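See structure below.
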Amino acid sequence: MDQPLLAIGDRLVTLGEALLAGVGLVLLLLLAMLIVLLRPRRPSQEELLRRRDDEQRLADMARAQAEISRAQAELTGRMQTMAEVFGTRHADLARALTERLDGFGHRLGQSLEVQARATYDSLSKLNERLAVIDSAQKTITDLSRDVVGLHQILANKQTRGAFGQGRMEAIVQDGLPPGSYTFQATLSNGRRPDCVVRLPNAEAVLVIDAKFPLEAFGSYRDAQGTDERKAAAQRLRSDVLKHVSDIRERYFITGETQDLAIMFVPSESIYADLHEHFEDVVQKAHRERIIIVGPSMLMLSIQVMQSILRDARLREQAHLIHREVGLLSEDMRRLQERVVKLQQHFGQAGRDIEQILISTDKIIKRGAKIEELEFEDGTTDGSERGTGPRLLAGG
């Protein structure tokens, strides 16, 4: 805005200078004509006429020059007025522009501050979310590592057996008291079941086997086509029934073990698939007196055994409990007798306190009469003061 106004002012100054130069040139021409006309000679009639014409022309030129001077003065005044107006407007424009720039800068600063604060908050939240994502990623990585490790454990027969053995031992140790079970006990035939549980009032022990043929089950789950799935199902059915037969042949000893055994499956999903897709295998195992259980069912079975052991111990200790109850009854009888005696003592003490209160009341009344100098004939209560003369009231 400032540069266009300055350009207009420069143009007006240039125009004024050009006008002044033109006026000066006209004045020089007029001066030259006057010099030529004023030369001394005798003018003729024509020259007189011509001189009049020239004088007339000079007069016209003078009037024109005066008019030009007046116009020049008027133009100069207008130019000065325009310069003042332009200067004032330039100052107002500069002031308004400065105020607007200041306001715009203030608003821009506030906007940038708000935007910076919002950006900082967004970045803080983003950092928090990234931290949560990193934590979740770390958890997922650890979980993946654990899953891979579990897969490696389950892929090896020895490590898989140790895994199932560990889960079974943890469940048994949490549910049964020490001494009621044994891990890796040796039977009379030289076999070593994973766990035997001693039941009350029975010499025979209950056998728990923690081995399971997982390869066939993995093949069954990985099977794609119908034929492949049927073949895998047949293999799984055959392996499970063979393991059931092995348990019966190895761990069923008359008089030493129960005619019932538990086959532990260390996975709830495998246990559910067996009951859903291989019900015939589960039924055949039941007919062979072998119960297939998962971790939850083993926990329930251990809790039932715990209740049986607790009831047996209660029955074994019934005479002790009866004797303790009798002693407790005798203690209660003696306590009742002592409470009755204490009640009698309290009753006697209450009656004695009542007699004492009666005596103190009489003493207080007699003291009040003595203080008021009120006397009377007669004798007092023999139980309190004895006999003797009494002063009459008033002396």
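By convention in this document, the chains of the structure tokens carry letters A, B, ... by their order, each chain's residues are numbered from 1, and ligands are numbered from 1 in the order they are shown.
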Quiz item: Can you tell me, as a PyMOL selection string, what residues are no more than 8 Å from stretch 167-179 of chain A when counting only C-alpha atoms, ignoring any on the same chain fewer than 6 positions away?
Solution: chain A and resi 195+210+264+266+295+298-299+302-303+305-306
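Per DSSP on the backbone, strand (DSSP E or B) in stretch 145-388 of chain A comprises A:Tyr181, A:Thr182, A:Phe183, A:Cys195, A:Val196, A:Val197, A:Arg198, A:Val205, A:Leu206, A:Val207, A:Ile208, A:Asp209, A:Thr257, A:Gln258, A:Asp259, A:Leu260, A:Ala261, A:Ile262, A:Met263, A:Phe264, A:Ile290, A:Ile291, A:Ile292, A:Val293.
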Atoms to include: N, CA, C and O atoms. Write the selected residues as an mmCIF file, in the first residue's frame.
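Final file, again27.cif:
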```cif
data_model
loop_
_atom_site.group_PDB
_atom_site.id
_atom_site.type_symbol
_atom_site.label_atom_id
_atom_site.label_comp_id
_atom_site.auth_asym_id
_atom_site.auth_seq_id
_atom_site.Cartn_x
_atom_site.Cartn_y
_atom_site.Cartn_z
ATOM 1 N N TYR A 181 -0.805 -90.097 49.082
ATOM 2 C CA TYR A 181 -0.479 -90.343 47.686
ATOM 3 C C TYR A 181 1.030 -90.552 47.561
ATOM 4 O O TYR A 181 1.813 -90.166 48.445
ATOM 5 N N THR A 182 1.427 -91.166 46.443
ATOM 6 C CA THR A 182 2.839 -91.397 46.153
ATOM 7 C C THR A 182 3.034 -91.288 44.648
ATOM 8 O O THR A 182 2.249 -91.854 43.866
ATOM 9 N N PHE A 183 4.070 -90.554 44.230
ATOM 10 C CA PHE A 183 4.397 -90.430 42.814
ATOM 11 C C PHE A 183 5.477 -91.448 42.443
ATOM 12 O O PHE A 183 6.443 -91.645 43.197
ATOM 13 N N CYS A 195 1.127 -92.010 39.576
ATOM 14 C CA CYS A 195 0.658 -91.646 40.916
ATOM 15 C C CYS A 195 -0.258 -92.733 41.437
ATOM 16 O O CYS A 195 -1.038 -93.332 40.670
ATOM 17 N N VAL A 196 -0.155 -93.023 42.732
ATOM 18 C CA VAL A 196 -1.105 -93.916 43.405
ATOM 19 C C VAL A 196 -1.677 -93.164 44.602
ATOM 20 O O VAL A 196 -0.963 -92.440 45.293
ATOM 21 N N VAL A 197 -2.979 -93.330 44.816
ATOM 22 C CA VAL A 197 -3.685 -92.661 45.916
ATOM 23 C C VAL A 197 -4.196 -93.731 46.867
ATOM 24 O O VAL A 197 -4.842 -94.709 46.434
ATOM 25 N N ARG A 198 -3.905 -93.564 48.161
ATOM 26 C CA ARG A 198 -4.343 -94.508 49.186
ATOM 27 C C ARG A 198 -5.706 -94.067 49.723
ATOM 28 O O ARG A 198 -5.831 -92.993 50.294
ATOM 29 N N VAL A 205 -4.662 -99.492 46.177
ATOM 30 C CA VAL A 205 -4.454 -98.085 45.857
ATOM 31 C C VAL A 205 -5.096 -97.777 44.502
ATOM 32 O O VAL A 205 -5.314 -98.671 43.668
ATOM 33 N N LEU A 206 -5.384 -96.487 44.302
ATOM 34 C CA LEU A 206 -5.959 -96.023 43.042
ATOM 35 C C LEU A 206 -4.833 -95.480 42.161
ATOM 36 O O LEU A 206 -4.047 -94.633 42.591
ATOM 37 N N VAL A 207 -4.772 -95.958 40.916
ATOM 38 C CA VAL A 207 -3.694 -95.603 39.991
ATOM 39 C C VAL A 207 -4.155 -94.442 39.103
ATOM 40 O O VAL A 207 -5.281 -94.441 38.586
ATOM 41 N N ILE A 208 -3.247 -93.456 38.926
ATOM 42 C CA ILE A 208 -3.480 -92.329 38.005
ATOM 43 C C ILE A 208 -2.346 -92.329 36.985
ATOM 44 O O ILE A 208 -1.165 -92.276 37.363
ATOM 45 N N ASP A 209 -2.702 -92.409 35.705
ATOM 46 C CA ASP A 209 -1.717 -92.404 34.620
ATOM 47 C C ASP A 209 -1.793 -91.059 33.894
ATOM 48 O O ASP A 209 -2.887 -90.610 33.522
ATOM 49 N N THR A 257 -4.114 -103.046 43.742
ATOM 50 C CA THR A 257 -4.654 -101.824 43.141
ATOM 51 C C THR A 257 -6.161 -101.956 43.001
ATOM 52 O O THR A 257 -6.700 -103.079 42.952
ATOM 53 N N GLN A 258 -6.818 -100.823 42.924
ATOM 54 C CA GLN A 258 -8.267 -100.813 42.700
ATOM 55 C C GLN A 258 -8.567 -101.319 41.289
ATOM 56 O O GLN A 258 -7.723 -101.253 40.386
ATOM 57 N N ASP A 259 -9.786 -101.825 41.118
ATOM 58 C CA ASP A 259 -10.193 -102.262 39.782
ATOM 59 C C ASP A 259 -10.708 -101.080 38.950
ATOM 60 O O ASP A 259 -11.492 -101.255 38.020
ATOM 61 N N LEU A 260 -10.235 -99.899 39.303
ATOM 62 C CA LEU A 260 -10.594 -98.667 38.603
ATOM 63 C C LEU A 260 -9.330 -97.802 38.511
ATOM 64 O O LEU A 260 -8.598 -97.669 39.487
ATOM 65 N N ALA A 261 -9.066 -97.246 37.333
ATOM 66 C CA ALA A 261 -7.893 -96.400 37.126
ATOM 67 C C ALA A 261 -8.311 -95.108 36.417
ATOM 68 O O ALA A 261 -9.366 -95.048 35.782
ATOM 69 N N ILE A 262 -7.459 -94.110 36.556
ATOM 70 C CA ILE A 262 -7.725 -92.796 35.952
ATOM 71 C C ILE A 262 -6.636 -92.515 34.915
ATOM 72 O O ILE A 262 -5.443 -92.609 35.217
ATOM 73 N N MET A 263 -7.080 -92.170 33.697
ATOM 74 C CA MET A 263 -6.155 -91.740 32.645
ATOM 75 C C MET A 263 -6.285 -90.228 32.493
ATOM 76 O O MET A 263 -7.331 -89.720 32.098
ATOM 77 N N PHE A 264 -5.202 -89.512 32.818
ATOM 78 C CA PHE A 264 -5.219 -88.059 32.843
ATOM 79 C C PHE A 264 -4.810 -87.506 31.487
ATOM 80 O O PHE A 264 -3.763 -87.862 30.932
ATOM 81 N N ILE A 290 -11.622 -97.790 33.209
ATOM 82 C CA ILE A 290 -10.633 -96.710 33.127
ATOM 83 C C ILE A 290 -11.376 -95.430 32.779
ATOM 84 O O ILE A 290 -12.084 -95.367 31.768
ATOM 85 N N ILE A 291 -11.213 -94.413 33.614
ATOM 86 C CA ILE A 291 -11.918 -93.132 33.439
ATOM 87 C C ILE A 291 -10.935 -92.112 32.845
ATOM 88 O O ILE A 291 -9.853 -91.891 33.394
ATOM 89 N N ILE A 292 -11.333 -91.526 31.714
ATOM 90 C CA ILE A 292 -10.532 -90.474 31.079
ATOM 91 C C ILE A 292 -10.972 -89.128 31.653
ATOM 92 O O ILE A 292 -12.155 -88.774 31.594
ATOM 93 N N VAL A 293 -10.019 -88.380 32.210
ATOM 94 C CA VAL A 293 -10.347 -87.101 32.835
ATOM 95 C C VAL A 293 -9.394 -86.033 32.311
ATOM 96 O O VAL A 293 -8.247 -86.314 31.937
#
```
Quiz item: DSSP says alpha helix (DSSP H) for which residues of stretch 96-303 of chain A? Put them as a PyMOL selection string?
Solution: chain A and resi 96-155+157-175+214-222+226-251+268-277+279-287+295-303
Quiz item: Do you have the atom CA of A:Arg250-atom CA of A:Arg191 distance handy?
Solution: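 These two atoms are separated by 6.6 Å.
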I'd like the contact shell of A:Gln184 - 6 Å cut-off, only C-alpha atoms, skipping same-chain residues fewer than 4 positions apart - returned as a PDB file with C-alpha atoms, in the first residue's frame.
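Dumped to part37.pdb:
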```pdb
ATOM      1  CA  ARG A 192       5.752 -97.645  38.136  1.00  0.00           C
ATOM      2  CA  PRO A 193       2.520 -95.694  37.663  1.00  0.00           C
ATOM      3  CA  ASP A 194       2.649 -91.907  37.679  1.00  0.00           C
ATOM      4  CA  CYS A 195       0.658 -91.646  40.916  1.00  0.00           C
TER       5      CYS A 195
END
```
Quiz prompt | Residue nearest A:Ala233 among A:Ser144, A:Thr119, A:Ser219, A:Gln45 (counting only C-alpha atoms) | solution = A:Ser219
Practice problem: Quote the spacing between atom CA of A:Leu187 and atom CA of A:Ile253 in Å to one decimal place. | Solution: 8.7 Å
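Interatomic distance, atom CA of A:Ala272 against atom CA of A:Leu241: 17.0 Å.
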